[in-house]
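Trainee: my_file_8.tsv is reproduced below (TSV, C-alpha atoms).
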```tsv
chain	number	residue	atom	x	y	z
A	242	ALA	CA	-75.27	92.88	46.57
A	243	GLN	CA	-76.47	92.91	50.16
A	244	SER	CA	-77.43	95.63	52.58
A	245	VAL	CA	-78.17	95.77	56.30
A	246	THR	CA	-80.40	98.14	58.21
A	247	GLN	CA	-80.17	98.71	61.93
A	248	LEU	CA	-82.97	101.15	62.61
A	249	ASP	CA	-82.05	101.95	66.19
A	250	SER	CA	-78.82	103.91	66.55
A	251	GLN	CA	-79.10	104.03	70.35
A	252	VAL	CA	-81.00	101.83	72.79
A	253	PRO	CA	-81.07	102.62	76.53
A	254	VAL	CA	-82.23	99.78	78.77
A	255	PHE	CA	-82.45	99.37	82.52
A	256	GLU	CA	-80.27	96.73	84.10
A	257	GLU	CA	-81.91	93.27	84.28
A	258	ALA	CA	-84.54	94.27	81.70
A	259	PRO	CA	-84.86	92.45	78.36
A	260	VAL	CA	-83.57	93.97	75.15
A	261	GLU	CA	-84.07	93.49	71.43
A	262	LEU	CA	-81.79	95.05	68.84
A	263	ARG	CA	-83.31	95.04	65.39
A	264	CYS	CA	-81.63	94.07	62.15
A	265	ASN	CA	-83.13	93.79	58.68
A	266	TYR	CA	-81.27	92.82	55.56
A	267	SER	CA	-81.77	92.67	51.82
A	268	SER	CA	-80.11	90.28	49.44
A	269	SER	CA	-80.75	88.63	46.10
A	270	VAL	CA	-79.02	85.43	47.25
A	271	SER	CA	-79.02	83.24	50.31
A	272	VAL	CA	-76.99	84.69	53.14
A	273	TYR	CA	-75.06	84.13	56.30
A	274	LEU	CA	-75.91	86.50	59.16
A	275	PHE	CA	-73.84	87.69	62.08
A	276	TRP	CA	-73.95	89.85	65.17
A	277	TYR	CA	-70.78	91.43	66.47
A	278	VAL	CA	-70.07	93.43	69.63
A	279	GLN	CA	-67.53	96.21	69.94
A	280	TYR	CA	-66.22	97.62	73.21
A	281	PRO	CA	-64.56	101.07	73.15
A	282	ASN	CA	-61.35	101.29	71.13
A	283	GLN	CA	-61.36	97.60	70.34
A	284	GLY	CA	-62.02	95.39	67.37
A	285	LEU	CA	-65.21	93.46	66.77
A	286	GLN	CA	-65.99	90.22	68.55
A	287	LEU	CA	-68.45	87.68	67.20
A	288	LEU	CA	-71.57	87.22	69.32
A	289	LEU	CA	-73.36	84.67	67.15
A	290	LYS	CA	-73.92	83.57	63.59
A	291	TYR	CA	-76.56	81.99	61.41
A	292	LEU	CA	-75.24	79.76	58.63
A	293	SER	CA	-78.04	77.22	58.18
A	294	GLY	CA	-80.35	74.92	60.12
A	295	SER	CA	-82.22	76.08	63.21
A	296	THR	CA	-83.42	79.64	62.89
A	297	LEU	CA	-82.87	80.33	66.59
A	298	VAL	CA	-79.21	80.88	67.24
A	299	LYS	CA	-77.60	81.14	70.64
A	300	GLY	CA	-74.39	83.04	71.20
A	301	ILE	CA	-72.05	84.19	73.90
A	302	ASN	CA	-72.96	86.28	76.94
A	303	GLY	CA	-76.57	85.05	76.94
A	304	PHE	CA	-77.53	86.58	73.60
A	305	GLU	CA	-79.65	84.89	70.98
A	306	ALA	CA	-81.05	85.83	67.58
A	307	GLU	CA	-83.76	84.52	65.32
A	308	PHE	CA	-83.47	84.34	61.57
A	309	ASN	CA	-86.76	85.16	59.86
A	310	LYS	CA	-86.45	84.66	56.13
A	311	SER	CA	-89.92	85.95	55.24
A	312	GLN	CA	-89.32	89.20	57.10
A	313	THR	CA	-85.61	89.31	56.20
A	314	SER	CA	-84.77	89.97	59.82
A	315	PHE	CA	-82.20	88.79	62.32
A	316	HIS	CA	-83.06	90.50	65.60
A	317	LEU	CA	-80.78	90.12	68.61
A	318	ARG	CA	-82.27	89.49	72.05
A	319	LYS	CA	-81.22	89.06	75.64
A	320	PRO	CA	-83.72	88.35	78.44
A	321	SER	CA	-81.82	90.23	81.15
A	322	VAL	CA	-79.02	92.70	80.48
A	323	HIS	CA	-76.06	93.63	82.65
A	324	ILE	CA	-73.93	96.73	82.93
A	325	SER	CA	-71.17	94.86	81.10
A	326	ASP	CA	-73.39	94.62	78.01
A	327	THR	CA	-72.90	98.32	77.36
A	328	ALA	CA	-71.26	98.37	73.92
A	329	GLU	CA	-71.94	98.87	70.24
A	330	TYR	CA	-73.58	96.03	68.34
A	331	PHE	CA	-73.28	95.42	64.63
A	332	CYS	CA	-75.35	93.20	62.40
A	333	ALA	CA	-73.64	91.86	59.27
A	334	VAL	CA	-74.56	89.84	56.21
A	335	ARG	CA	-72.59	87.86	53.67
A	336	GLY	CA	-73.61	85.90	50.60
A	337	ASN	CA	-73.27	82.17	51.27
A	338	PHE	CA	-71.24	81.17	48.24
A	339	GLY	CA	-67.70	81.81	47.16
A	340	ASN	CA	-65.85	84.42	49.11
A	341	GLU	CA	-68.47	87.10	49.35
A	342	LYS	CA	-67.63	90.29	51.20
A	343	LEU	CA	-69.14	91.09	54.57
A	344	THR	CA	-71.54	94.03	54.75
A	345	PHE	CA	-72.29	95.75	58.06
A	346	GLY	CA	-75.11	97.80	59.44
A	347	THR	CA	-74.45	101.18	61.01
A	348	GLY	CA	-74.52	99.79	64.52
A	349	THR	CA	-76.66	100.14	67.65
A	350	ARG	CA	-75.22	101.60	70.81
A	351	LEU	CA	-76.66	99.73	73.78
A	352	THR	CA	-76.50	101.64	77.06
A	353	ILE	CA	-77.43	99.86	80.28
A	354	ILE	CA	-78.90	102.09	82.97
A	355	PRO	CA	-78.18	100.98	86.58
B	239	ASP	CA	-52.12	82.00	69.17
B	240	GLY	CA	-53.79	82.54	65.82
B	241	GLY	CA	-55.23	85.90	65.04
B	242	ILE	CA	-54.97	89.23	63.29
B	243	THR	CA	-52.43	91.81	64.33
B	244	GLN	CA	-52.79	95.46	63.45
B	245	SER	CA	-50.05	97.93	64.10
B	246	PRO	CA	-49.61	100.51	65.36
B	247	LYS	CA	-52.57	100.94	67.71
B	248	TYR	CA	-52.33	104.73	67.53
B	249	LEU	CA	-50.86	106.73	64.65
B	250	PHE	CA	-50.43	110.42	64.12
B	251	ARG	CA	-49.81	111.94	60.72
B	252	LYS	CA	-49.19	115.39	59.44
B	253	GLU	CA	-51.35	116.66	56.65
B	254	GLY	CA	-49.92	115.87	53.24
B	255	GLN	CA	-48.09	112.74	54.36
B	256	ASN	CA	-48.78	109.18	53.30
B	257	VAL	CA	-48.97	106.58	56.05
B	258	THR	CA	-49.18	102.78	55.98
B	259	LEU	CA	-51.19	100.68	58.41
B	260	SER	CA	-50.08	97.11	58.94
B	261	CYS	CA	-52.33	94.04	59.06
B	262	GLU	CA	-50.97	90.52	59.48
B	263	GLN	CA	-52.91	87.28	60.00
B	264	ASN	CA	-51.75	83.75	60.80
B	265	LEU	CA	-55.15	82.12	60.38
B	266	ASN	CA	-54.45	80.95	56.83
B	267	HIS	CA	-57.49	82.89	55.68
B	268	ASP	CA	-57.92	83.63	52.02
B	269	ALA	CA	-59.78	86.92	52.19
B	270	MET	CA	-58.78	90.11	53.96
B	271	TYR	CA	-60.59	93.41	54.38
B	272	TRP	CA	-60.06	96.98	55.48
B	273	TYR	CA	-62.85	98.95	57.09
B	274	ARG	CA	-63.06	102.50	58.23
B	275	GLN	CA	-65.17	103.35	61.27
B	276	ASP	CA	-66.51	106.82	62.04
B	277	PRO	CA	-68.95	107.69	64.84
B	278	GLY	CA	-72.53	107.03	63.77
B	279	GLN	CA	-71.54	105.56	60.41
B	280	GLY	CA	-70.73	102.01	61.29
B	281	LEU	CA	-68.10	100.16	59.27
B	282	ARG	CA	-67.46	101.13	55.69
B	283	LEU	CA	-65.47	98.89	53.38
B	284	ILE	CA	-62.35	100.43	51.87
B	285	TYR	CA	-60.70	97.52	50.03
B	286	TYR	CA	-60.83	93.76	50.11
B	287	SER	CA	-58.74	90.95	48.73
B	288	GLN	CA	-59.94	87.42	48.09
B	289	ILE	CA	-56.62	85.97	46.93
B	290	VAL	CA	-52.98	86.94	46.78
B	291	ASN	CA	-52.09	89.56	44.16
B	292	ASP	CA	-55.71	90.54	43.69
B	293	PHE	CA	-57.90	93.12	45.43
B	294	GLN	CA	-61.09	95.09	44.82
B	295	LYS	CA	-62.28	98.53	45.77
B	296	GLY	CA	-64.90	98.76	48.43
B	297	ASP	CA	-67.36	101.58	48.98
B	298	ILE	CA	-64.87	104.30	49.96
B	299	ALA	CA	-61.58	103.47	48.21
B	300	GLU	CA	-60.67	106.99	47.12
B	301	GLY	CA	-57.46	108.19	48.77
B	302	TYR	CA	-56.42	104.71	49.84
B	303	SER	CA	-54.24	101.99	48.33
B	304	VAL	CA	-53.47	98.39	49.26
B	305	SER	CA	-51.28	95.48	48.24
B	306	ARG	CA	-51.56	91.73	48.76
B	307	GLU	CA	-48.17	90.23	47.98
B	308	LYS	CA	-48.46	87.57	50.67
B	309	LYS	CA	-51.45	85.67	52.00
B	310	GLU	CA	-50.67	86.79	55.53
B	311	SER	CA	-50.33	90.51	54.91
B	312	PHE	CA	-52.66	93.24	53.65
B	313	PRO	CA	-51.21	96.71	54.33
B	314	LEU	CA	-53.29	99.82	53.81
B	315	THR	CA	-51.76	103.12	52.71
B	316	VAL	CA	-53.65	106.29	53.49
B	317	THR	CA	-52.48	108.80	50.93
B	318	SER	CA	-52.46	112.57	51.02
B	319	ALA	CA	-55.39	112.46	48.62
B	320	GLN	CA	-57.67	111.19	51.38
B	321	LYS	CA	-59.40	114.39	52.48
B	322	ASN	CA	-60.55	113.29	55.91
B	323	PRO	CA	-58.34	110.44	57.11
B	324	THR	CA	-58.85	110.74	60.86
B	325	ALA	CA	-60.74	107.57	61.82
B	326	PHE	CA	-60.54	104.14	63.39
B	327	TYR	CA	-59.35	101.51	60.89
B	328	LEU	CA	-60.17	97.83	61.23
B	329	CYS	CA	-58.65	94.91	59.38
B	330	ALA	CA	-60.46	91.59	59.09
B	331	SER	CA	-60.05	88.21	57.46
B	332	THR	CA	-62.34	85.33	56.50
B	333	PRO	CA	-61.76	81.76	55.39
B	334	ARG	CA	-62.79	80.67	51.91
B	335	LEU	CA	-66.23	79.33	52.72
B	336	GLY	CA	-68.81	80.26	55.27
B	337	ALA	CA	-67.88	81.35	58.77
B	338	GLU	CA	-67.33	84.72	60.25
B	339	ALA	CA	-64.75	87.45	59.91
B	340	PHE	CA	-62.02	87.81	62.47
B	341	PHE	CA	-60.97	91.31	63.38
B	342	GLY	CA	-57.80	92.98	64.53
B	343	GLN	CA	-57.82	95.44	67.42
B	344	GLY	CA	-57.78	98.43	65.10
B	345	THR	CA	-55.56	101.42	64.41
B	346	ARG	CA	-56.68	104.90	65.37
B	347	LEU	CA	-55.27	107.38	62.88
B	348	THR	CA	-55.22	111.07	63.71
B	349	VAL	CA	-54.14	113.77	61.31
B	350	VAL	CA	-52.48	116.68	63.08
```
With the file now loaded, output its structure as structure tokens.
Mentor:
Amino acid sequence: AQSVTQLDSQVPVFEEAPVELRCNYSSSVSVYLFWYVQYPNQGLQLLLKYLSGSTLVKGINGFEAEFNKSQTSFHLRKPSVHISDTAEYFCAVRGNFGNEKLTFGTGTRLTIIP
Amino acid sequence: DGGITQSPKYLFRKEGQNVTLSCEQNLNHDAMYWYRQDPGQGLRLIYYSQIVNDFQKGDIAEGYSVSREKKESFPLTVTSAQKNPTAFYLCASTPRLGAEAFFGQGTRLTVV
């Protein structure tokens, strides 16, 4: 079984400042890792994913994340945020064999301050 | 266009009534999932199905039921036994190996 911890439930950031949203996971098997974004009253949209290979993953909207196996982390970063980045962000993990279910963290609400 | 369609977008139900939420996908994905989302609690898994005619309980299955008679469809019934059904419900699907889940736009259920 897997679990995901997003320690920060809310993160306020000034516009054009950098941001890091933290994600830690636990699993007894190798995993795939994902970050999703959710705008109000909508479904989830994939930002980026780590399946294998390079530990630095680049996604849409200027976001990137780094997989750190020793620290079991997959933190999301953006060097300069915009008002349009205001949303809720979810980290998710899935075992990398068979058809394992996807497990989500509790989410981080990112608020951009003008 | 391929994707996942949830209907209706908004649903109102009287207490004591069962209601069924629709989820259809044309992505040819094997697995489908139902999540419930409440403020501050993230997404919690209700049921999931990896193949047709088979499904498993997730973390909060009590008061819910599902069926998977066709690969494309995974309807969720919220029964009168669900004590607090007002929430945002999300359906998702994944292909057999690797890759991410694709989500529908959600159904907001309100019990009145």
Trainee: Could you list, as a list in words, every residue of chain B that has an atom within 7 Å of an atom of chain A, counting all atoms listed in the file?
Mentor: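 Applying the cut-off to the listed atoms yields Gly278, Gln279, Gly280, Leu281, Gln288, Leu328, Arg334, Leu335, Gly336, Phe341, Gly342, Gln343 and Gly344 of chain B.
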Trainee: Find the residue from B:Leu283, B:Ala339, B:Leu265, B:Val350 that sits nearest to Glu310 in chain B; use all atoms listed in the file when measuring.
Mentor: B:Leu265
Trainee: What would the list of residues within 7 Å of (-81.7, 94.0, 65.3) (file frame) look like as a PyMOL selection string, if only C-alpha atoms are what count?
Mentor: chain A and resi 247+261-265+315-317
Trainee: Neighbours of Met270 in chain B within 10 Å (all atoms listed in the file; same-chain residues fewer than 5 positions away dropped), as an MDAnalysis selection string?
Mentor: (chainID A and resid 342) or (chainID B and resid 261:263 285:290 293 306 309:312 329:333 339:341)
Trainee: Kindly extract all protein, DNA and RNA residues lying within 9 Å of the coordinates (-54.6, 105.7, 71.0) given in the file, considering all atoms listed in the file, and supply them as a list in words.
Mentor: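 Output: Asn282 of chain A; Lys247, Tyr248, Leu249, Thr345, Arg346 and Leu347 of chain B.
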Trainee: Tell me, in Å to one decimal, how far CA of Lys299 in chain A is from CA of Arg274 in chain B.
Mentor: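 Value for the CA of Lys299 in chain A-CA of Arg274 in chain B distance: 28.7 Å.
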Trainee: Quick one: distance from CA of Phe326 in chain B to CA of Tyr302 in chain B in Å, one decimal?
Mentor: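 Separation of CA of Phe326 in chain B and CA of Tyr302 in chain B: 14.2 Å.
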Trainee: Determine, counting only C-alpha atoms, which protein, DNA and RNA residues have an atom within 8 Å of an atom of Val254 in chain A; residues of the same chain fewer than 5 positions away are not included. Present the result as a ChimeraX atom specification.
Mentor: /A:259-260,322,351-354
